[in-house]
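Visitor: The following file, my_file22.json, comprises JSON, C-alpha atoms and all ligand atoms:
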[["chain", "number", "residue", "atom", "x", "y", "z"],
["A", 1, "MET", "CA", -33.87, -14.51, 14.40],
["A", 2, "THR", "CA", -31.13, -16.91, 15.36],
["A", 3, "PHE", "CA", -27.82, -15.08, 15.48],
["A", 4, "ILE", "CA", -24.56, -16.94, 15.98],
["A", 5, "THR", "CA", -21.30, -15.26, 15.15],
["A", 6, "ARG", "CA", -17.66, -15.93, 15.85],
["A", 7, "PHE", "CA", -14.19, -14.46, 16.13],
["A", 8, "ALA", "CA", -11.52, -16.77, 14.72],
["A", 9, "PRO", "CA", -7.96, -15.59, 15.32],
["A", 10, "SER", "CA", -4.86, -17.60, 14.50],
["A", 11, "PRO", "CA", -2.51, -18.06, 17.47],
["A", 12, "THR", "CA", 0.53, -17.00, 15.49],
["A", 13, "GLY", "CA", 1.20, -13.59, 17.02],
["A", 14, "PRO", "CA", -0.25, -10.93, 19.29],
["A", 15, "LEU", "CA", -3.76, -9.61, 18.73],
["A", 16, "HIS", "CA", -3.67, -6.00, 17.57],
["A", 17, "LEU", "CA", -6.20, -3.18, 17.29],
["A", 18, "GLY", "CA", -7.67, -4.67, 14.12],
["A", 19, "HIS", "CA", -8.44, -7.91, 15.93],
["A", 20, "ALA", "CA", -9.87, -6.00, 18.88],
["A", 21, "TYR", "CA", -12.23, -4.15, 16.54],
["A", 22, "SER", "CA", -13.37, -7.32, 14.79],
["A", 23, "ALA", "CA", -13.90, -9.21, 18.05],
["A", 24, "MET", "CA", -15.73, -6.36, 19.83],
["A", 25, "LEU", "CA", -17.93, -5.64, 16.81],
["A", 26, "ALA", "CA", -18.94, -9.30, 16.51],
["A", 27, "HIS", "CA", -19.52, -9.51, 20.28],
["A", 28, "ASP", "CA", -21.63, -6.30, 20.25],
["A", 29, "LYS", "CA", -23.75, -7.58, 17.35],
["A", 30, "ALA", "CA", -24.32, -10.91, 19.08],
["A", 31, "MET", "CA", -25.46, -9.14, 22.25],
["A", 32, "GLU", "CA", -27.68, -6.68, 20.35],
["A", 33, "ASN", "CA", -29.37, -9.60, 18.59],
["A", 34, "GLY", "CA", -29.73, -11.78, 21.67],
["A", 35, "GLY", "CA", -27.39, -14.19, 19.95],
["A", 36, "LYS", "CA", -24.22, -16.13, 20.64],
["A", 37, "PHE", "CA", -20.57, -15.15, 20.30],
["A", 38, "LEU", "CA", -18.17, -18.02, 19.63],
["A", 39, "LEU", "CA", -14.41, -17.99, 19.80],
["A", 40, "ARG", "CA", -12.52, -20.30, 17.47],
["A", 41, "ILE", "CA", -8.80, -20.90, 17.44],
["A", 42, "ASP", "CA", -7.65, -21.11, 13.83],
["A", 43, "ASP", "CA", -4.48, -23.10, 14.42],
["A", 44, "LEU", "CA", -4.47, -24.76, 11.02],
["A", 45, "ASP", "CA", -0.86, -23.83, 10.45],
["A", 46, "GLN", "CA", 0.77, -25.96, 13.10],
["A", 47, "SER", "CA", 4.23, -24.76, 12.14],
["A", 48, "ARG", "CA", 3.34, -21.26, 13.34],
["A", 49, "ALA", "CA", 0.70, -21.80, 16.04],
["A", 50, "ARG", "CA", 1.98, -21.39, 19.61],
["A", 51, "ASP", "CA", 0.34, -22.14, 22.97],
["A", 52, "HIS", "CA", 1.49, -18.85, 24.46],
["A", 53, "TRP", "CA", -0.23, -16.88, 21.67],
["A", 54, "GLU", "CA", -3.42, -18.82, 22.29],
["A", 55, "ALA", "CA", -3.20, -18.03, 26.01],
["A", 56, "GLN", "CA", -2.66, -14.36, 25.16],
["A", 57, "ILE", "CA", -5.81, -14.40, 22.98],
["A", 58, "TYR", "CA", -7.96, -15.57, 25.91],
["A", 59, "ASP", "CA", -6.32, -13.06, 28.20],
["A", 60, "ASP", "CA", -6.70, -10.06, 25.87],
["A", 61, "LEU", "CA", -10.32, -10.84, 24.94],
["A", 62, "ALA", "CA", -11.32, -11.31, 28.59],
["A", 63, "TRP", "CA", -9.59, -8.02, 29.44],
["A", 64, "LEU", "CA", -11.61, -6.33, 26.68],
["A", 65, "GLY", "CA", -14.71, -7.54, 28.51],
["A", 66, "LEU", "CA", -15.76, -10.20, 26.03],
["A", 67, "THR", "CA", -17.32, -13.51, 26.98],
["A", 68, "TRP", "CA", -17.75, -16.47, 24.68],
["A", 69, "GLU", "CA", -19.48, -19.81, 24.56],
["A", 70, "ALA", "CA", -17.76, -22.98, 25.73],
["A", 71, "PRO", "CA", -16.20, -25.10, 24.41],
["A", 72, "VAL", "CA", -13.79, -23.18, 22.19],
["A", 73, "ARG", "CA", -13.32, -24.97, 18.88],
["A", 74, "ARG", "CA", -9.76, -25.53, 17.81],
["A", 75, "GLN", "CA", -9.11, -26.37, 14.15],
["A", 76, "SER", "CA", -6.32, -28.79, 15.01],
["A", 77, "ASN", "CA", -8.93, -31.11, 16.59],
["A", 78, "HIS", "CA", -10.73, -31.45, 13.26],
["A", 79, "PHE", "CA", -8.11, -32.44, 10.71],
["A", 80, "ALA", "CA", -9.83, -35.80, 10.15],
["A", 81, "ASP", "CA", -13.12, -34.02, 9.31],
["A", 82, "TYR", "CA", -11.37, -31.83, 6.76],
["A", 83, "GLU", "CA", -9.76, -34.87, 5.19],
["A", 84, "MET", "CA", -13.09, -36.64, 4.88],
["A", 85, "THR", "CA", -14.58, -33.69, 3.01],
["A", 86, "LEU", "CA", -11.55, -33.46, 0.80],
["A", 87, "ASN", "CA", -12.07, -37.11, -0.11],
["A", 88, "THR", "CA", -15.71, -36.42, -0.93],
["A", 89, "LEU", "CA", -14.74, -33.56, -3.24],
["A", 90, "SER", "CA", -12.11, -35.75, -4.84],
["A", 91, "ARG", "CA", -14.63, -38.56, -5.44],
["A", 92, "ILE", "CA", -16.94, -36.20, -7.31],
["A", 93, "GLY", "CA", -14.01, -35.32, -9.56],
["A", 94, "ILE", "CA", -13.59, -31.62, -8.87],
["A", 95, "THR", "CA", -10.15, -31.61, -7.23],
["A", 96, "TYR", "CA", -6.73, -32.50, -8.56],
["A", 97, "ALA", "CA", -3.19, -33.01, -7.34],
["A", 98, "CYS", "CA", -0.88, -30.16, -8.34],
["A", 99, "THR", "CA", 2.87, -30.73, -8.46],
["A", 100, "CYS", "CA", 3.83, -27.14, -9.31],
["A", 101, "THR", "CA", 6.23, -25.42, -6.96],
["A", 102, "ARG", "CA", 5.91, -21.70, -6.28],
["A", 103, "ARG", "CA", 8.74, -21.19, -8.74],
["A", 104, "ASP", "CA", 6.89, -23.15, -11.48],
["A", 105, "ILE", "CA", 3.85, -20.95, -10.98],
["A", 106, "GLU", "CA", 5.92, -17.76, -11.09],
["A", 107, "ALA", "CA", 7.62, -18.95, -14.28],
["A", 108, "ALA", "CA", 4.31, -19.72, -15.98],
["A", 109, "ALA", "CA", 3.07, -16.31, -14.90],
["A", 110, "ASN", "CA", 5.99, -14.59, -16.60],
["A", 111, "ALA", "CA", 4.21, -14.73, -19.92],
["A", 112, "PRO", "CA", 0.95, -13.02, -18.92],
["A", 113, "GLN", "CA", -1.91, -12.88, -21.36],
["A", 114, "GLU", "CA", -3.25, -9.42, -21.91],
["A", 115, "GLY", "CA", -6.43, -8.64, -20.01],
["A", 116, "VAL", "CA", -6.18, -11.75, -17.83],
["A", 117, "PRO", "CA", -5.98, -10.91, -14.10],
["A", 118, "GLN", "CA", -2.87, -12.23, -12.35],
["A", 119, "PHE", "CA", -3.87, -12.05, -8.71],
["A", 120, "GLY", "CA", -7.03, -13.15, -6.94],
["A", 121, "PRO", "CA", -8.10, -13.61, -3.31],
["A", 122, "ASP", "CA", -5.82, -16.63, -3.05],
["A", 123, "GLY", "CA", -2.73, -14.84, -4.36],
["A", 124, "ARG", "CA", -1.36, -15.53, -7.81],
["A", 125, "ILE", "CA", -4.04, -17.12, -9.98],
["A", 126, "TYR", "CA", -2.93, -20.64, -10.82],
["A", 127, "PRO", "CA", -2.30, -21.06, -14.56],
["A", 128, "GLY", "CA", -3.87, -24.53, -14.59],
["A", 129, "THR", "CA", -0.77, -26.52, -15.59],
["A", 130, "CYS", "CA", -1.72, -29.67, -13.64],
["A", 131, "ARG", "CA", -5.49, -29.46, -14.09],
["A", 132, "HIS", "CA", -5.76, -32.41, -16.42],
["A", 133, "ALA", "CA", -2.42, -34.09, -15.68],
["A", 134, "GLY", "CA", -3.86, -36.82, -13.45],
["A", 135, "HIS", "CA", -0.96, -36.67, -10.95],
["A", 136, "ASP", "CA", -0.93, -39.07, -8.06],
["A", 137, "HIS", "CA", -1.81, -37.42, -4.74],
["A", 138, "SER", "CA", 1.40, -38.69, -3.19],
["A", 139, "ASP", "CA", 3.51, -36.42, -5.43],
["A", 140, "ALA", "CA", 1.38, -33.35, -4.80],
["A", 141, "GLN", "CA", 2.52, -29.93, -3.64],
["A", 142, "CYS", "CA", -1.15, -29.29, -2.98],
["A", 143, "ILE", "CA", -4.70, -30.34, -3.83],
["A", 144, "ARG", "CA", -6.61, -27.77, -5.86],
["A", 145, "LEU", "CA", -10.26, -27.18, -6.61],
["A", 146, "ASN", "CA", -11.07, -27.28, -10.31],
["A", 147, "MET", "CA", -13.03, -24.04, -10.26],
["A", 148, "PHE", "CA", -14.65, -24.56, -13.66],
["A", 149, "ALA", "CA", -15.98, -27.99, -12.69],
["A", 150, "ALA", "CA", -16.96, -26.73, -9.24],
["A", 151, "CYS", "CA", -18.97, -23.82, -10.63],
["A", 152, "GLU", "CA", -20.61, -26.05, -13.21],
["A", 153, "GLN", "CA", -21.75, -28.39, -10.46],
["A", 154, "ALA", "CA", -22.52, -25.88, -7.75],
["A", 155, "LEU", "CA", -24.11, -22.90, -9.39],
["A", 156, "PRO", "CA", -27.16, -22.24, -11.46],
["A", 157, "ALA", "CA", -26.49, -20.27, -14.67],
["A", 158, "GLN", "CA", -26.04, -17.03, -12.81],
["A", 159, "PHE", "CA", -26.19, -16.59, -9.09],
["A", 160, "VAL", "CA", -25.80, -13.39, -7.15],
["A", 161, "GLU", "CA", -25.05, -13.68, -3.45],
["A", 162, "SER", "CA", -26.15, -10.40, -1.96],
["A", 163, "GLY", "CA", -24.03, -9.26, 0.93],
["A", 164, "GLN", "CA", -25.16, -7.62, 4.16],
["A", 165, "ASP", "CA", -24.38, -4.06, 5.26],
["A", 166, "HIS", "CA", -21.46, -2.73, 3.27],
["A", 167, "SER", "CA", -20.50, -6.11, 1.96],
["A", 168, "GLY", "CA", -21.72, -5.56, -1.57],
["A", 169, "ALA", "CA", -22.83, -8.48, -3.65],
["A", 170, "HIS", "CA", -20.81, -11.33, -5.06],
["A", 171, "LEU", "CA", -21.40, -12.22, -8.65],
["A", 172, "LEU", "CA", -20.92, -15.92, -8.57],
["A", 173, "ASP", "CA", -20.81, -17.31, -12.02],
["A", 174, "LEU", "CA", -18.39, -19.39, -13.94],
["A", 175, "ASP", "CA", -17.25, -16.55, -16.20],
["A", 176, "THR", "CA", -16.31, -14.46, -13.16],
["A", 177, "MET", "CA", -14.97, -17.12, -10.81],
["A", 178, "VAL", "CA", -12.72, -18.98, -13.24],
["A", 179, "PRO", "CA", -10.58, -16.07, -14.52],
["A", 180, "ASN", "CA", -10.64, -13.95, -11.35],
["A", 181, "ILE", "CA", -10.13, -16.62, -8.71],
["A", 182, "GLY", "CA", -9.11, -19.82, -10.43],
["A", 183, "ASP", "CA", -8.15, -23.17, -8.96],
["A", 184, "VAL", "CA", -7.63, -22.40, -5.27],
["A", 185, "VAL", "CA", -5.69, -24.64, -2.89],
["A", 186, "LEU", "CA", -7.77, -26.93, -0.66],
["A", 187, "ALA", "CA", -4.98, -28.79, 1.17],
["A", 188, "ARG", "CA", -1.22, -29.31, 1.33],
["A", 189, "PRO", "CA", 0.81, -32.28, 2.54],
["A", 190, "ASN", "CA", 1.59, -30.49, 5.82],
["A", 191, "MET", "CA", -1.82, -28.81, 6.13],
["A", 192, "ALA", "CA", -5.03, -30.83, 6.40],
["A", 193, "ALA", "CA", -7.09, -28.10, 4.79],
["A", 194, "SER", "CA", -6.56, -24.64, 3.41],
["A", 195, "TYR", "CA", -8.12, -21.65, 5.09],
["A", 196, "HIS", "CA", -11.00, -21.72, 2.56],
["A", 197, "LEU", "CA", -12.02, -25.31, 3.16],
["A", 198, "SER", "CA", -11.58, -25.23, 6.94],
["A", 199, "VAL", "CA", -13.44, -21.99, 7.49],
["A", 200, "VAL", "CA", -16.46, -23.24, 5.52],
["A", 201, "LEU", "CA", -16.58, -26.50, 7.46],
["A", 202, "ASP", "CA", -16.01, -24.86, 10.84],
["A", 203, "ASP", "CA", -18.65, -22.19, 10.34],
["A", 204, "ALA", "CA", -21.16, -24.85, 9.27],
["A", 205, "ALA", "CA", -20.27, -27.23, 12.13],
["A", 206, "THR", "CA", -20.77, -24.48, 14.69],
["A", 207, "LEU", "CA", -24.04, -23.29, 13.08],
["A", 208, "VAL", "CA", -22.71, -19.78, 12.47],
["A", 209, "THR", "CA", -25.45, -17.60, 10.98],
["A", 210, "ASP", "CA", -23.46, -14.36, 10.68],
["A", 211, "VAL", "CA", -19.82, -14.07, 9.71],
["A", 212, "ILE", "CA", -18.42, -10.67, 10.72],
["A", 213, "ARG", "CA", -14.90, -10.14, 9.41],
["A", 214, "GLY", "CA", -12.62, -7.67, 7.68],
["A", 215, "ALA", "CA", -13.17, -6.27, 4.20],
["A", 216, "ASP", "CA", -9.87, -7.91, 3.18],
["A", 217, "LEU", "CA", -11.79, -11.19, 3.01],
["A", 218, "PHE", "CA", -14.60, -9.89, 0.82],
["A", 219, "GLU", "CA", -13.24, -11.49, -2.37],
["A", 220, "ALA", "CA", -12.55, -14.81, -0.63],
["A", 221, "THR", "CA", -16.20, -15.05, 0.39],
["A", 222, "ALA", "CA", -17.12, -15.99, -3.18],
["A", 223, "ILE", "CA", -14.91, -19.10, -2.81],
["A", 224, "HIS", "CA", -16.60, -19.96, 0.46],
["A", 225, "VAL", "CA", -20.08, -19.70, -1.06],
["A", 226, "VAL", "CA", -19.11, -22.00, -3.95],
["A", 227, "LEU", "CA", -17.77, -24.56, -1.44],
["A", 228, "GLN", "CA", -20.98, -24.30, 0.61],
["A", 229, "LYS", "CA", -23.09, -24.93, -2.49],
["A", 230, "LEU", "CA", -20.94, -27.91, -3.48],
["A", 231, "LEU", "CA", -21.15, -29.43, -0.02],
["A", 232, "GLY", "CA", -24.84, -28.68, 0.53],
["A", 233, "LEU", "CA", -24.06, -26.38, 3.48],
["A", 234, "PRO", "CA", -26.04, -23.24, 4.34],
["A", 235, "THR", "CA", -24.51, -19.87, 3.48],
["A", 236, "PRO", "CA", -24.33, -17.56, 6.51],
["A", 237, "ARG", "CA", -24.97, -13.81, 6.24],
["A", 238, "TYR", "CA", -21.64, -12.11, 5.57],
["A", 239, "HIS", "CA", -20.73, -8.68, 6.97],
["A", 240, "HIS", "CA", -17.35, -7.27, 5.97],
["A", 241, "HIS", "CA", -16.17, -4.45, 8.19],
["A", 242, "LYS", "CA", -13.67, -1.64, 7.67],
["A", 243, "LEU", "CA", -10.01, -2.39, 8.33],
["A", 244, "ILE", "CA", -8.10, -0.61, 11.06],
["A", 245, "ARG", "CA", -5.08, 1.15, 9.57],
["A", 246, "ASP", "CA", -2.03, 2.88, 10.95],
["A", 247, "GLU", "CA", -1.42, 6.61, 10.52],
["A", 248, "ASN", "CA", 0.07, 5.95, 7.07],
["A", 249, "GLY", "CA", -3.05, 4.13, 5.95],
["A", 250, "LYS", "CA", -1.35, 0.74, 6.08],
["A", 251, "ARG", "CA", -3.28, -2.27, 7.35],
["A", 252, "LEU", "CA", -2.11, -3.52, 10.72],
["A", 253, "ALA", "CA", -0.25, -6.81, 10.66],
["A", 254, "LYS", "CA", 0.62, -9.41, 13.29],
["A", 255, "ARG", "CA", 4.15, -8.02, 13.40],
["A", 256, "ASP", "CA", 2.88, -4.60, 14.48],
["A", 257, "ASP", "CA", 3.81, -5.13, 18.10],
["A", 258, "ALA", "CA", 3.40, -1.41, 18.70],
["A", 259, "ARG", "CA", -0.34, -1.81, 18.12],
["A", 260, "ALA", "CA", -0.65, -5.08, 20.02],
["A", 261, "ILE", "CA", -3.39, -5.00, 22.63],
["A", 262, "ALA", "CA", -0.82, -6.28, 25.12],
["A", 263, "THR", "CA", 1.35, -3.21, 24.45],
["A", 264, "TYR", "CA", -1.53, -0.82, 25.07],
["A", 265, "ARG", "CA", -2.41, -2.74, 28.23],
["A", 266, "ALA", "CA", 1.16, -2.49, 29.46],
["A", 267, "GLU", "CA", 1.05, 1.26, 28.81],
["A", 268, "GLY", "CA", -2.02, 1.59, 31.01],
["A", 269, "ALA", "CA", -4.81, 1.89, 28.39],
["A", 270, "SER", "CA", -8.31, 0.80, 29.42],
["A", 271, "PRO", "CA", -10.72, -1.32, 27.37],
["A", 272, "ALA", "CA", -12.75, 1.88, 26.83],
["A", 273, "ASP", "CA", -9.63, 3.54, 25.37],
["A", 274, "ILE", "CA", -9.30, 0.64, 22.90],
["A", 275, "ARG", "CA", -12.97, 1.00, 21.92],
["A", 276, "ALA", "CA", -12.47, 4.70, 21.30],
["A", 277, "MET", "CA", -9.29, 4.09, 19.28],
["A", 278, "VAL", "CA", -11.09, 1.82, 16.83],
["A", 279, "GLY", "CA", -14.19, 4.01, 16.66],
["A", 280, "LEU", "CA", -16.68, 1.83, 18.52],
["A", 301, "LIG", "N1", -8.36, -17.19, 11.02],
["A", 301, "LIG", "C1", -8.81, -16.32, 9.99],
["A", 301, "LIG", "C2", -8.06, -14.99, 10.11],
["A", 301, "LIG", "O1", -7.59, -14.66, 11.18],
["A", 301, "LIG", "C3", -10.30, -16.13, 10.11],
["A", 301, "LIG", "C4", -10.84, -15.29, 9.02],
["A", 301, "LIG", "C5", -12.35, -15.38, 8.97],
["A", 301, "LIG", "O2", -12.96, -14.73, 9.81],
["A", 301, "LIG", "O3", -12.87, -16.08, 8.15],
["A", 301, "LIG", "O4", -7.89, -14.30, 9.13]]
Will you turn the file into structure tokens for me?
Ligand code: GLU

Guide:
Amino acid sequence: MTFITRFAPSPTGPLHLGHAYSAMLAHDKAMENGGKFLLRIDDLDQSRARDHWEAQIYDDLAWLGLTWEAPVRRQSNHFADYEMTLNTLSRIGITYACTCTRRDIEAAANAPQEGVPQFGPDGRIYPGTCRHAGHDHSDAQCIRLNMFAACEQALPAQFVESGQDHSGAHLLDLDTMVPNIGDVVLARPNMAASYHLSVVLDDAATLVTDVIRGADLFEATAIHVVLQKLLGLPTPRYHHHKLIRDENGKRLAKRDDARAIATYRAEGASPADIRAMVGL
């Protein structure tokens, strides 16, 4: 069985215990399966990406004892590829320019319809104001995927993507995707592609067979599978792992410097200590 997995941190802050767990788990699985472990630098958000955080990623992962394939893919080298795909999706008529500001979306959401979910994996579910407005791309706050049209094109009547391990299954059908996820963002004027579009293209370009990532991304996986179907790309096996939490049960965040790997290193912890802390 071919097994290619990856760890894809954003260089926008220090890696913490949650990242260490994700990276070591993916690395362990690759080794167990005689496969490959890739490292990708998800520096899509150029306003927040920093060289020194990228350098720290290499340093921390090497200290943890991980090795990865060369070359390391960096998203910022692929903006033109993302744009090309965006143009393809636009040509087939399933994207649109959205001129709504965050405030417009909040205002529209102030009159919620009963029984209609307000939040999905992409944050507040877009109310659809611009869907048929035909705005010019030059005025856009963002480019959105018309989820109804996308599902109509991409999916057979009902399609269940069964997850691996504890991932559960995704029910991918129009009646689920449209109200629960809605018209997600694919690009912004200052961002060549959203996380959803870039991650699908990057995983496909690097022939990833197994995506191992946190359970917080479980819901987003449905979006990724729809994009793969639309673009004729293979769907990798998805494994969503537990999240590492602090003693209050809160998910660790980039700002949690206290749990940064660099902090533990400075305090004299060993890579084995880190493994034990995350339960590996
Ligand atoms: N750069 C993304 C993150 O750090 C990658 C998520 C994924 O594995 O798809 O959340």

Visitor: With distances taken over all atoms listed in the file, which residue among A:Arg48, A:His19, A:Lys29, A:Arg213 lies nearest ligand LIG 301 (chain A)?

Guide: A:Arg213

Visitor: At a cut-off of 7 Å around ligand LIG 301 (chain A), and using all atoms listed in the file, what residues come up? Please write them as a PyMOL selection string.

Guide: chain A and resi 7-10+42+199+211-213

Visitor: Leaving out region 233-238 of chain A and any residue of its chain fewer than 2 positions from it, which residues lie within 9 Å of it when counting only C-alpha atoms, given as a PyMOL selection string?

Guide: chain A and resi 162-165+167+200-201+203-204+207-213+218+221+224-225+227-231+240

Visitor: Need the axis-aligned box for region 63-82 of chain A with 3 Å each side, so what are the centre and edges in Å to one decimal, as JSON?

Guide:
{"center_x": -12.9, "center_y": -21.1, "center_z": 18.1, "size_x": 19.2, "size_y": 35.5, "size_z": 28.7}

Visitor: So, with all atoms listed in the file as the atoms that count, which of A:Ser194, A:Ser270, A:Ser47, A:Asn180 lies closest to Cys142 (chain A)?

Guide: A:Ser194

Visitor: Under the rule that all atoms listed in the file are counted, which of A:Ala154, A:Ile4, A:Leu17, A:Met191 is the nearest residue to Leu243 (chain A)?

Guide: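 Residue with the minimum atom-to-atom distance to Leu243 (chain A): A:Leu17.
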
Visitor: A:Ile181, A:Ile261, A:Leu39, A:Leu174: which is nearest Pro71 (chain A), counting only C-alpha atoms?

Guide: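 The answer is A:Leu39, which sits nearest to Pro71 (chain A).
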
Visitor: Counting all atoms listed in the file, which residue out of A:Leu280, A:Leu186, A:Val178, A:Val226 sits closest to Pro117 (chain A)?

Guide: A:Val178

Visitor: Within 7 Å of region 77-82 of chain A, counting all atoms listed in the file, which residues qualify if same-chain residues fewer than 5 places away don't, as a ChimeraX atom specification?

Guide: /A:192-193,198

Visitor: Using all atoms listed in the file, determine which residues lie at most 12 Å from region 99-111 of chain A, disregarding the query and same-chain residues fewer than 3 positions distant; provide the list as JSON, numbers by chain.

Guide: {"A": [96, 114, 116, 117, 118, 119, 123, 124, 125, 126, 127, 128, 129, 130, 131, 132, 133, 134, 135, 136, 137, 138, 139, 140, 141, 142, 143, 144, 185, 188, 189]}

Visitor: Rounded to one decimal, what separation in Å do you get between CA of Ala260 (chain A) and CA of Arg73 (chain A)?

Guide: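 For CA of Ala260 (chain A) relative to CA of Arg73 (chain A), the distance reads 23.6 Å.
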
Visitor: Name the residues in contact with Arg259 (chain A) at a cut-off of 12 Å, using all atoms listed in the file, excluding same-chain residues fewer than 3 positions from it; report them as a VMD selection string.

Guide: chain A and resid 13 to 20 244 to 247 251 to 256 262 to 267 269 274 277 to 278

Visitor: For the atom pair CA of Leu145 (chain A) and CA of Ile94 (chain A), what is the interatomic distance in Å to one decimal place?

Guide: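 Answer for the CA of Leu145 (chain A) to CA of Ile94 (chain A) separation: 6.0 Å.
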
Visitor: A:Trp68, A:Phe37, A:Phe148, A:Phe3: which is nearest Leu172 (chain A), counting all atoms listed in the file?

Guide: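 Using all atoms listed in the file, the shortest distance to Leu172 (chain A) belongs to A:Phe148.
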
Visitor: Could you check how far CA of Arg91 (chain A) sits from CA of Gly182 (chain A), in Å to one decimal?

Guide: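 CA of Gly182 (chain A) lies 20.2 Å from CA of Arg91 (chain A).
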